[in-house]
$ cat query_32.tsv   # TSV, N, CA and C atoms
chain	number	residue	atom	x	y	z
A	788	MET	N	91.77	72.36	109.51
A	788	MET	CA	91.92	73.71	109.02
A	788	MET	C	91.94	74.69	110.19
A	789	LYS	N	92.77	75.69	110.06
A	789	LYS	CA	92.86	76.71	111.08
A	789	LYS	C	91.99	77.91	110.69
A	790	ARG	N	91.31	78.46	111.67
A	790	ARG	CA	90.47	79.63	111.40
A	790	ARG	C	91.34	80.88	111.35
A	791	VAL	N	91.13	81.69	110.32
A	791	VAL	CA	91.94	82.86	110.09
A	791	VAL	C	91.12	84.11	110.38
A	792	GLU	N	91.76	85.06	111.05
A	792	GLU	CA	91.10	86.32	111.37
A	792	GLU	C	91.72	87.44	110.56
A	793	LEU	N	90.91	88.38	110.13
A	793	LEU	CA	91.42	89.54	109.40
A	793	LEU	C	92.00	90.53	110.40
A	794	ARG	N	93.30	90.73	110.38
A	794	ARG	CA	93.95	91.60	111.36
A	794	ARG	C	93.64	93.06	111.13
A	795	GLY	N	93.47	93.46	109.89
A	795	GLY	CA	93.15	94.86	109.60
A	795	GLY	C	91.82	95.28	110.19
A	796	ALA	N	90.84	94.39	110.13
A	796	ALA	CA	89.54	94.70	110.70
A	796	ALA	C	89.64	94.83	112.21
A	797	ARG	N	90.42	93.98	112.85
A	797	ARG	CA	90.60	94.05	114.30
A	797	ARG	C	91.28	95.36	114.69
A	798	ARG	N	92.34	95.72	113.98
A	798	ARG	CA	93.05	96.96	114.30
A	798	ARG	C	92.18	98.18	114.06
A	799	GLY	N	91.42	98.16	112.99
A	799	GLY	CA	90.51	99.27	112.71
A	799	GLY	C	89.44	99.40	113.77
A	800	LEU	N	88.91	98.27	114.21
A	800	LEU	CA	87.89	98.28	115.26
A	800	LEU	C	88.45	98.81	116.57
A	801	ILE	N	89.65	98.39	116.92
A	801	ILE	CA	90.29	98.90	118.14
A	801	ILE	C	90.49	100.40	118.04
A	802	GLY	N	90.96	100.87	116.89
A	802	GLY	CA	91.18	102.31	116.71
A	802	GLY	C	89.91	103.12	116.82
A	803	ILE	N	88.85	102.65	116.20
A	803	ILE	CA	87.59	103.38	116.25
A	803	ILE	C	87.03	103.39	117.67
A	804	GLU	N	87.13	102.26	118.38
A	804	GLU	CA	86.62	102.23	119.75
A	804	GLU	C	87.41	103.15	120.66
A	805	VAL	N	88.71	103.26	120.47
A	805	VAL	CA	89.52	104.18	121.28
A	805	VAL	C	89.12	105.62	120.99
A	806	ILE	N	88.92	105.95	119.72
A	806	ILE	CA	88.53	107.31	119.35
A	806	ILE	C	87.18	107.67	119.96
A	807	VAL	N	86.21	106.76	119.88
A	807	VAL	CA	84.88	107.04	120.45
A	807	VAL	C	84.96	107.17	121.97
A	808	ALA	N	85.77	106.35	122.62
A	808	ALA	CA	85.92	106.46	124.08
A	808	ALA	C	86.54	107.81	124.46
A	809	VAL	N	87.54	108.26	123.71
A	809	VAL	CA	88.16	109.56	123.99
A	809	VAL	C	87.17	110.69	123.73
A	810	LEU	N	86.38	110.58	122.66
A	810	LEU	CA	85.37	111.60	122.39
A	810	LEU	C	84.29	111.63	123.45
A	811	ALA	N	83.94	110.47	124.02
A	811	ALA	CA	82.97	110.45	125.10
A	811	ALA	C	83.50	111.19	126.32
A	812	VAL	N	84.78	111.03	126.61
A	812	VAL	CA	85.40	111.77	127.72
A	812	VAL	C	85.40	113.26	127.41
A	813	ALA	N	85.69	113.62	126.16
A	813	ALA	CA	85.70	115.03	125.77
A	813	ALA	C	84.31	115.65	125.90
A	814	VAL	N	83.29	114.91	125.52
A	814	VAL	CA	81.91	115.41	125.65
A	814	VAL	C	81.56	115.60	127.12
A	815	LEU	N	82.02	114.69	127.97
A	815	LEU	CA	81.77	114.86	129.41
A	815	LEU	C	82.47	116.09	129.96
A	816	VAL	N	83.67	116.38	129.47
A	816	VAL	CA	84.40	117.55	129.94
A	816	VAL	C	83.71	118.84	129.49
A	817	VAL	N	83.29	118.86	128.22
A	817	VAL	CA	82.61	120.05	127.68
A	817	VAL	C	81.24	120.20	128.31
A	818	GLY	N	80.56	119.09	128.50
A	818	GLY	CA	79.23	119.12	129.11
A	818	GLY	C	78.17	118.61	128.16
A	819	PRO	N	77.40	117.60	128.58
A	819	PRO	CA	76.34	117.07	127.73
A	819	PRO	C	75.13	118.00	127.70
A	820	ARG	N	74.23	117.73	126.81
A	820	ARG	CA	73.01	118.53	126.69
A	820	ARG	C	72.09	118.34	127.88
A	821	SER	N	71.92	117.11	128.29
A	821	SER	CA	71.00	116.79	129.37
A	821	SER	C	71.80	116.40	130.61
A	822	PRO	N	71.47	116.93	131.76
A	822	PRO	CA	72.29	116.68	132.94
A	822	PRO	C	72.33	115.23	133.40
A	823	ARG	N	71.21	114.57	133.51
A	823	ARG	CA	71.23	113.23	134.11
A	823	ARG	C	71.30	112.11	133.08
A	824	SER	N	70.36	112.06	132.18
A	824	SER	CA	70.35	110.96	131.21
A	824	SER	C	71.53	111.05	130.26
A	825	GLY	N	71.93	112.26	129.90
A	825	GLY	CA	73.05	112.43	128.99
A	825	GLY	C	74.36	111.94	129.58
A	826	ILE	N	74.60	112.27	130.83
A	826	ILE	CA	75.84	111.85	131.48
A	826	ILE	C	75.89	110.33	131.61
A	827	ALA	N	74.80	109.74	132.04
A	827	ALA	CA	74.76	108.28	132.20
A	827	ALA	C	74.98	107.57	130.87
A	828	LEU	N	74.34	108.05	129.82
A	828	LEU	CA	74.48	107.41	128.52
A	828	LEU	C	75.88	107.60	127.94
A	829	ILE	N	76.45	108.78	128.12
A	829	ILE	CA	77.79	109.02	127.60
A	829	ILE	C	78.81	108.17	128.35
A	830	ILE	N	78.65	108.05	129.66
A	830	ILE	CA	79.55	107.18	130.43
A	830	ILE	C	79.40	105.74	129.97
A	831	LEU	N	78.16	105.29	129.74
A	831	LEU	CA	77.94	103.93	129.27
A	831	LEU	C	78.60	103.69	127.92
A	832	VAL	N	78.45	104.62	127.00
A	832	VAL	CA	79.07	104.49	125.68
A	832	VAL	C	80.59	104.48	125.81
A	833	GLY	N	81.15	105.41	126.56
A	833	GLY	CA	82.59	105.50	126.71
A	833	GLY	C	83.20	104.27	127.36
A	834	VAL	N	82.55	103.77	128.41
A	834	VAL	CA	83.08	102.60	129.12
A	834	VAL	C	83.01	101.36	128.25
A	835	THR	N	81.91	101.14	127.56
A	835	THR	CA	81.81	99.94	126.72
A	835	THR	C	82.78	100.01	125.55
A	836	GLN	N	82.98	101.20	124.99
A	836	GLN	CA	83.95	101.34	123.89
A	836	GLN	C	85.36	101.05	124.38
A	837	ALA	N	85.71	101.59	125.55
A	837	ALA	CA	87.05	101.36	126.10
A	837	ALA	C	87.26	99.89	126.45
A	838	LEU	N	86.26	99.26	127.06
A	838	LEU	CA	86.37	97.84	127.39
A	838	LEU	C	86.47	96.99	126.13
A	839	GLY	N	85.71	97.35	125.10
A	839	GLY	CA	85.81	96.62	123.84
A	839	GLY	C	87.19	96.71	123.23
A	840	ALA	N	87.79	97.90	123.26
A	840	ALA	CA	89.14	98.07	122.71
A	840	ALA	C	90.17	97.30	123.53
A	841	ILE	N	90.03	97.33	124.85
A	841	ILE	CA	90.99	96.62	125.71
A	841	ILE	C	90.89	95.12	125.50
A	842	THR	N	89.67	94.58	125.49
A	842	THR	CA	89.53	93.13	125.33
A	842	THR	C	89.97	92.66	123.94
A	843	LEU	N	89.73	93.49	122.92
A	843	LEU	CA	90.19	93.12	121.58
A	843	LEU	C	91.72	93.13	121.50
A	844	SER	N	92.34	94.10	122.15
A	844	SER	CA	93.80	94.15	122.10
A	844	SER	C	94.43	93.01	122.90
A	845	LEU	N	93.73	92.53	123.94
A	845	LEU	CA	94.22	91.39	124.70
A	845	LEU	C	93.87	90.06	124.05
A	846	GLN	N	93.07	90.10	122.98
A	846	GLN	CA	92.63	88.94	122.21
A	846	GLN	C	91.91	87.91	123.07
A	847	LEU	N	91.01	88.39	123.91
A	847	LEU	CA	90.20	87.49	124.72
A	847	LEU	C	89.13	86.84	123.84
A	848	VAL	N	88.64	85.69	124.28
A	848	VAL	CA	87.70	84.91	123.48
A	848	VAL	C	86.39	85.67	123.25
A	849	TRP	N	85.90	86.35	124.25
A	849	TRP	CA	84.61	87.02	124.17
A	849	TRP	C	84.73	88.49	123.77
A	850	ALA	N	85.86	88.91	123.24
A	850	ALA	CA	86.10	90.31	122.91
A	850	ALA	C	85.18	90.80	121.79
A	851	ARG	N	84.93	89.96	120.79
A	851	ARG	CA	84.07	90.38	119.69
A	851	ARG	C	82.64	90.60	120.15
A	852	ARG	N	82.17	89.80	121.10
A	852	ARG	CA	80.82	90.01	121.64
A	852	ARG	C	80.71	91.34	122.37
A	853	LEU	N	81.74	91.66	123.14
A	853	LEU	CA	81.74	92.94	123.85
A	853	LEU	C	81.84	94.11	122.87
A	854	ALA	N	82.63	93.96	121.83
A	854	ALA	CA	82.75	95.01	120.81
A	854	ALA	C	81.42	95.21	120.08
A	855	LEU	N	80.72	94.12	119.80
A	855	LEU	CA	79.41	94.24	119.17
A	855	LEU	C	78.41	94.90	120.11
A	856	ALA	N	78.47	94.56	121.39
A	856	ALA	CA	77.60	95.21	122.37
A	856	ALA	C	77.90	96.70	122.45
A	857	ALA	N	79.17	97.08	122.38
A	857	ALA	CA	79.55	98.49	122.41
A	857	ALA	C	78.99	99.22	121.18
A	858	ALA	N	79.04	98.57	120.02
A	858	ALA	CA	78.50	99.17	118.80
A	858	ALA	C	76.99	99.35	118.92
A	859	LEU	N	76.31	98.35	119.43
A	859	LEU	CA	74.86	98.45	119.58
A	859	LEU	C	74.46	99.49	120.61
A	860	ILE	N	75.25	99.63	121.67
A	860	ILE	CA	74.97	100.67	122.67
A	860	ILE	C	75.16	102.05	122.06
A	861	ALA	N	76.16	102.22	121.20
A	861	ALA	CA	76.35	103.51	120.53
A	861	ALA	C	75.16	103.82	119.63
A	862	ILE	N	74.65	102.82	118.93
A	862	ILE	CA	73.49	103.03	118.07
A	862	ILE	C	72.25	103.36	118.91
A	863	LEU	N	72.04	102.63	120.00
A	863	LEU	CA	70.90	102.89	120.87
A	863	LEU	C	71.01	104.26	121.54
A	864	PHE	N	72.23	104.67	121.89
A	864	PHE	CA	72.43	106.01	122.46
A	864	PHE	C	72.01	107.07	121.46
A	865	THR	N	72.37	106.88	120.20
A	865	THR	CA	72.00	107.84	119.16
A	865	THR	C	70.49	107.93	119.00
A	866	VAL	N	69.84	106.79	118.96
A	866	VAL	CA	68.38	106.78	118.82
A	866	VAL	C	67.73	107.45	120.03
A	867	ALA	N	68.26	107.20	121.23
A	867	ALA	CA	67.72	107.83	122.43
A	867	ALA	C	67.91	109.34	122.38
A	868	GLN	N	69.09	109.80	121.93
A	868	GLN	CA	69.33	111.23	121.82
A	868	GLN	C	68.35	111.88	120.85
A	869	ILE	N	68.11	111.22	119.72
A	869	ILE	CA	67.20	111.78	118.73
A	869	ILE	C	65.77	111.82	119.27
A	870	LEU	N	65.36	110.77	119.98
A	870	LEU	CA	64.01	110.74	120.53
A	870	LEU	C	63.83	111.73	121.67
A	871	ILE	N	64.84	111.89	122.51
A	871	ILE	CA	64.72	112.78	123.66
A	871	ILE	C	64.74	114.24	123.23
A	872	PHE	N	65.71	114.62	122.40
A	872	PHE	CA	65.88	116.03	122.07
A	872	PHE	C	65.21	116.44	120.77
A	873	ASP	N	64.77	115.49	119.97
A	873	ASP	CA	64.07	115.76	118.71
A	873	ASP	C	64.88	116.67	117.78
A	874	VAL	N	66.20	116.53	117.85
A	874	VAL	CA	67.09	117.30	116.99
A	874	VAL	C	68.16	116.36	116.47
A	875	VAL	N	68.41	116.43	115.17
A	875	VAL	CA	69.45	115.60	114.58
A	875	VAL	C	70.60	116.52	114.16
A	876	THR	N	71.76	116.31	114.81
A	876	THR	CA	72.94	117.10	114.48
A	876	THR	C	74.02	116.18	113.94
A	877	TRP	N	75.17	116.75	113.65
A	877	TRP	CA	76.29	115.96	113.15
A	877	TRP	C	76.74	114.94	114.17
A	878	PHE	N	76.60	115.25	115.47
A	878	PHE	CA	77.05	114.33	116.51
A	878	PHE	C	76.23	113.03	116.47
A	879	GLU	N	74.93	113.16	116.41
A	879	GLU	CA	74.08	111.97	116.38
A	879	GLU	C	74.32	111.16	115.11
A	880	LEU	N	74.41	111.84	113.98
A	880	LEU	CA	74.63	111.13	112.72
A	880	LEU	C	75.99	110.44	112.69
A	881	SER	N	77.01	111.11	113.21
A	881	SER	CA	78.34	110.49	113.20
A	881	SER	C	78.41	109.30	114.15
A	882	LEU	N	77.78	109.41	115.31
A	882	LEU	CA	77.79	108.29	116.25
A	882	LEU	C	76.98	107.11	115.71
A	883	LEU	N	75.90	107.39	115.01
A	883	LEU	CA	75.13	106.32	114.38
A	883	LEU	C	75.97	105.63	113.30
A	884	GLY	N	76.67	106.41	112.50
A	884	GLY	CA	77.55	105.83	111.48
A	884	GLY	C	78.69	105.03	112.08
A	885	VAL	N	79.26	105.51	113.17
A	885	VAL	CA	80.33	104.79	113.84
A	885	VAL	C	79.83	103.47	114.41
A	886	GLY	N	78.63	103.47	114.96
A	886	GLY	CA	78.05	102.23	115.49
A	886	GLY	C	77.88	101.18	114.40
A	887	PHE	N	77.37	101.62	113.24
A	887	PHE	CA	77.22	100.68	112.13
A	887	PHE	C	78.57	100.21	111.60
A	888	LEU	N	79.54	101.12	111.52
A	888	LEU	CA	80.88	100.76	111.07
A	888	LEU	C	81.52	99.75	112.03
A	889	GLU	N	81.35	99.97	113.32
A	889	GLU	CA	81.90	99.03	114.30
A	889	GLU	C	81.27	97.65	114.16
A	890	SER	N	79.97	97.61	113.95
A	890	SER	CA	79.31	96.31	113.80
A	890	SER	C	79.80	95.58	112.54
A	891	MET	N	80.08	96.32	111.47
A	891	MET	CA	80.63	95.71	110.27
A	891	MET	C	82.06	95.22	110.50
A	892	LEU	N	82.85	95.97	111.25
A	892	LEU	CA	84.22	95.55	111.55
A	892	LEU	C	84.25	94.34	112.48
A	893	VAL	N	83.27	94.23	113.37
A	893	VAL	CA	83.17	93.02	114.21
A	893	VAL	C	82.95	91.81	113.32
A	894	ALA	N	82.09	91.96	112.32
A	894	ALA	CA	81.87	90.86	111.39
A	894	ALA	C	83.14	90.57	110.59
A	895	GLY	N	83.89	91.62	110.27
A	895	GLY	CA	85.13	91.45	109.51
A	895	GLY	C	86.23	90.77	110.30
A	896	CYS	N	86.26	90.96	111.61
A	896	CYS	CA	87.34	90.33	112.40
A	896	CYS	C	86.92	89.00	112.98
A	897	THR	N	85.76	88.51	112.62
A	897	THR	CA	85.36	87.16	113.03
A	897	THR	C	86.17	86.15	112.23
A	898	PRO	N	86.78	85.18	112.89
A	898	PRO	CA	87.63	84.20	112.17
A	898	PRO	C	86.86	83.44	111.09
A	899	ARG	N	87.55	83.24	109.98
A	899	ARG	CA	86.99	82.50	108.85
A	899	ARG	C	87.78	81.22	108.65
A	900	ASP	N	87.19	80.24	108.03
A	900	ASP	CA	87.92	79.03	107.67
A	900	ASP	C	88.83	79.34	106.49
A	901	SER	N	90.05	78.84	106.58
A	901	SER	CA	91.01	79.11	105.49
A	901	SER	C	90.92	78.07	104.41
$ encode --input "query_32.tsv" --output "structure tokens"
Amino acid sequence: MKRVELRGARRGLIGIEVIVAVLAVAVLVVGPRSPRSGIALIILVGVTQALGAITLSLQLVWARRLALAAALIAILFTVAQILIFDVVTWFELSLLGVGFLESMLVAGCTPRDS
């Protein structure tokens, strides 16, 4: 039996990761809240999201692991932002939701037995 992958989940995951990477660049251009920790975390989120999208589009073997790591980093970034600034805004909530959505899409694009 050949293992089948859901292509829609892969395409959706690539799209979401590209959007989050672009938004991370936009946040860097506008300016983060915190000078040092904010910049480092935003760069980490943006780079992992971009690498996840690139590896998924190249269909590398370990691409799903990197995409899951990118989703978990986005979730951890959100938790760190909430703990550091003690304020919950739409940005933190949306990034937390995107992280969970990405982790679900990683599960969706994992090959299944046909």
$ residues_around --input "query_32.tsv" --residues "Gln846 in chain A" --least-positions-apart "3" --cutoff "12 Å" --atoms "only C-alpha atoms" --output "VMD selection string"
chain A and resid 792 794 797 to 798 801 839 to 843 849 to 854 896 to 897
$ write_last_selection --input "query_32.tsv" --atoms "N, CA and C atoms" --output "PDB file, keeping the file's coordinate frame"
ATOM      1  N   GLU A 792      91.760  85.060 111.050  1.00  0.00           N
ATOM      2  CA  GLU A 792      91.100  86.320 111.370  1.00  0.00           C
ATOM      3  C   GLU A 792      91.720  87.440 110.560  1.00  0.00           C
ATOM      4  N   ARG A 794      93.300  90.730 110.380  1.00  0.00           N
ATOM      5  CA  ARG A 794      93.950  91.600 111.360  1.00  0.00           C
ATOM      6  C   ARG A 794      93.640  93.060 111.130  1.00  0.00           C
ATOM      7  N   ARG A 797      90.420  93.980 112.850  1.00  0.00           N
ATOM      8  CA  ARG A 797      90.600  94.050 114.300  1.00  0.00           C
ATOM      9  C   ARG A 797      91.280  95.360 114.690  1.00  0.00           C
ATOM     10  N   ARG A 798      92.340  95.720 113.980  1.00  0.00           N
ATOM     11  CA  ARG A 798      93.050  96.960 114.300  1.00  0.00           C
ATOM     12  C   ARG A 798      92.180  98.180 114.060  1.00  0.00           C
ATOM     13  N   ILE A 801      89.650  98.390 116.920  1.00  0.00           N
ATOM     14  CA  ILE A 801      90.290  98.900 118.140  1.00  0.00           C
ATOM     15  C   ILE A 801      90.490 100.400 118.040  1.00  0.00           C
ATOM     16  N   GLY A 839      85.710  97.350 125.100  1.00  0.00           N
ATOM     17  CA  GLY A 839      85.810  96.620 123.840  1.00  0.00           C
ATOM     18  C   GLY A 839      87.190  96.710 123.230  1.00  0.00           C
ATOM     19  N   ALA A 840      87.790  97.900 123.260  1.00  0.00           N
ATOM     20  CA  ALA A 840      89.140  98.070 122.710  1.00  0.00           C
ATOM     21  C   ALA A 840      90.170  97.300 123.530  1.00  0.00           C
ATOM     22  N   ILE A 841      90.030  97.330 124.850  1.00  0.00           N
ATOM     23  CA  ILE A 841      90.990  96.620 125.710  1.00  0.00           C
ATOM     24  C   ILE A 841      90.890  95.120 125.500  1.00  0.00           C
ATOM     25  N   THR A 842      89.670  94.580 125.490  1.00  0.00           N
ATOM     26  CA  THR A 842      89.530  93.130 125.330  1.00  0.00           C
ATOM     27  C   THR A 842      89.970  92.660 123.940  1.00  0.00           C
ATOM     28  N   LEU A 843      89.730  93.490 122.920  1.00  0.00           N
ATOM     29  CA  LEU A 843      90.190  93.120 121.580  1.00  0.00           C
ATOM     30  C   LEU A 843      91.720  93.130 121.500  1.00  0.00           C
ATOM     31  N   TRP A 849      85.900  86.350 124.250  1.00  0.00           N
ATOM     32  CA  TRP A 849      84.610  87.020 124.170  1.00  0.00           C
ATOM     33  C   TRP A 849      84.730  88.490 123.770  1.00  0.00           C
ATOM     34  N   ALA A 850      85.860  88.910 123.240  1.00  0.00           N
ATOM     35  CA  ALA A 850      86.100  90.310 122.910  1.00  0.00           C
ATOM     36  C   ALA A 850      85.180  90.800 121.790  1.00  0.00           C
ATOM     37  N   ARG A 851      84.930  89.960 120.790  1.00  0.00           N
ATOM     38  CA  ARG A 851      84.070  90.380 119.690  1.00  0.00           C
ATOM     39  C   ARG A 851      82.640  90.600 120.150  1.00  0.00           C
ATOM     40  N   ARG A 852      82.170  89.800 121.100  1.00  0.00           N
ATOM     41  CA  ARG A 852      80.820  90.010 121.640  1.00  0.00           C
ATOM     42  C   ARG A 852      80.710  91.340 122.370  1.00  0.00           C
ATOM     43  N   LEU A 853      81.740  91.660 123.140  1.00  0.00           N
ATOM     44  CA  LEU A 853      81.740  92.940 123.850  1.00  0.00           C
ATOM     45  C   LEU A 853      81.840  94.110 122.870  1.00  0.00           C
ATOM     46  N   ALA A 854      82.630  93.960 121.830  1.00  0.00           N
ATOM     47  CA  ALA A 854      82.750  95.010 120.810  1.00  0.00           C
ATOM     48  C   ALA A 854      81.420  95.210 120.080  1.00  0.00           C
ATOM     49  N   CYS A 896      86.260  90.960 111.610  1.00  0.00           N
ATOM     50  CA  CYS A 896      87.340  90.330 112.400  1.00  0.00           C
ATOM     51  C   CYS A 896      86.920  89.000 112.980  1.00  0.00           C
ATOM     52  N   THR A 897      85.760  88.510 112.620  1.00  0.00           N
ATOM     53  CA  THR A 897      85.360  87.160 113.030  1.00  0.00           C
ATOM     54  C   THR A 897      86.170  86.150 112.230  1.00  0.00           C
TER      55      THR A 897
END
$ residues_around --input "query_32.tsv" --residues "range 833-838 of chain A" --least-positions-apart "6" --cutoff "7 Å" --atoms "only N, CA and C atoms" --output "list in words"
Glu804, Val805, Val807, Ala808, Val809, Ala811, Val812, Leu853, Ala854, Ala856, Ala857 and Ala858 of chain A
$ write_last_selection --input "query_32.tsv" --atoms "N, CA and C atoms" --output "compact mmCIF listing (two decimals), in the frame of the given file"
# COMPACT_ATOMS: atom_id res chain seq x y z
N GLU A 804 87.13 102.26 118.38
CA GLU A 804 86.62 102.23 119.75
C GLU A 804 87.41 103.15 120.66
N VAL A 805 88.71 103.26 120.47
CA VAL A 805 89.52 104.18 121.28
C VAL A 805 89.12 105.62 120.99
N VAL A 807 86.21 106.76 119.88
CA VAL A 807 84.88 107.04 120.45
C VAL A 807 84.96 107.17 121.97
N ALA A 808 85.77 106.35 122.62
CA ALA A 808 85.92 106.46 124.08
C ALA A 808 86.54 107.81 124.46
N VAL A 809 87.54 108.26 123.71
CA VAL A 809 88.16 109.56 123.99
C VAL A 809 87.17 110.69 123.73
N ALA A 811 83.94 110.47 124.02
CA ALA A 811 82.97 110.45 125.10
C ALA A 811 83.50 111.19 126.32
N VAL A 812 84.78 111.03 126.61
CA VAL A 812 85.40 111.77 127.72
C VAL A 812 85.40 113.26 127.41
N LEU A 853 81.74 91.66 123.14
CA LEU A 853 81.74 92.94 123.85
C LEU A 853 81.84 94.11 122.87
N ALA A 854 82.63 93.96 121.83
CA ALA A 854 82.75 95.01 120.81
C ALA A 854 81.42 95.21 120.08
N ALA A 856 78.47 94.56 121.39
CA ALA A 856 77.60 95.21 122.37
C ALA A 856 77.90 96.70 122.45
N ALA A 857 79.17 97.08 122.38
CA ALA A 857 79.55 98.49 122.41
C ALA A 857 78.99 99.22 121.18
N ALA A 858 79.04 98.57 120.02
CA ALA A 858 78.50 99.17 118.80
C ALA A 858 76.99 99.35 118.92
$ atom_distance --input "query_32.tsv" --atom1 "atom C of Leu883 in chain A" --atom2 "atom C of Gly895 in chain A"
18.3 Å
$ closest_residue --input "query_32.tsv" --among "A:Ser844, A:Gly886, A:Phe872, A:Ala861" --to "Gly802 in chain A" --atoms "only C-alpha atoms"
A:Ser844
$ select_by_dssp --input "query_32.tsv" --residues "range 788-860 of chain A" --states "alpha helix (DSSP H)" --output "MDAnalysis selection string"
chainID A and resid 794:817 824:844 850:860
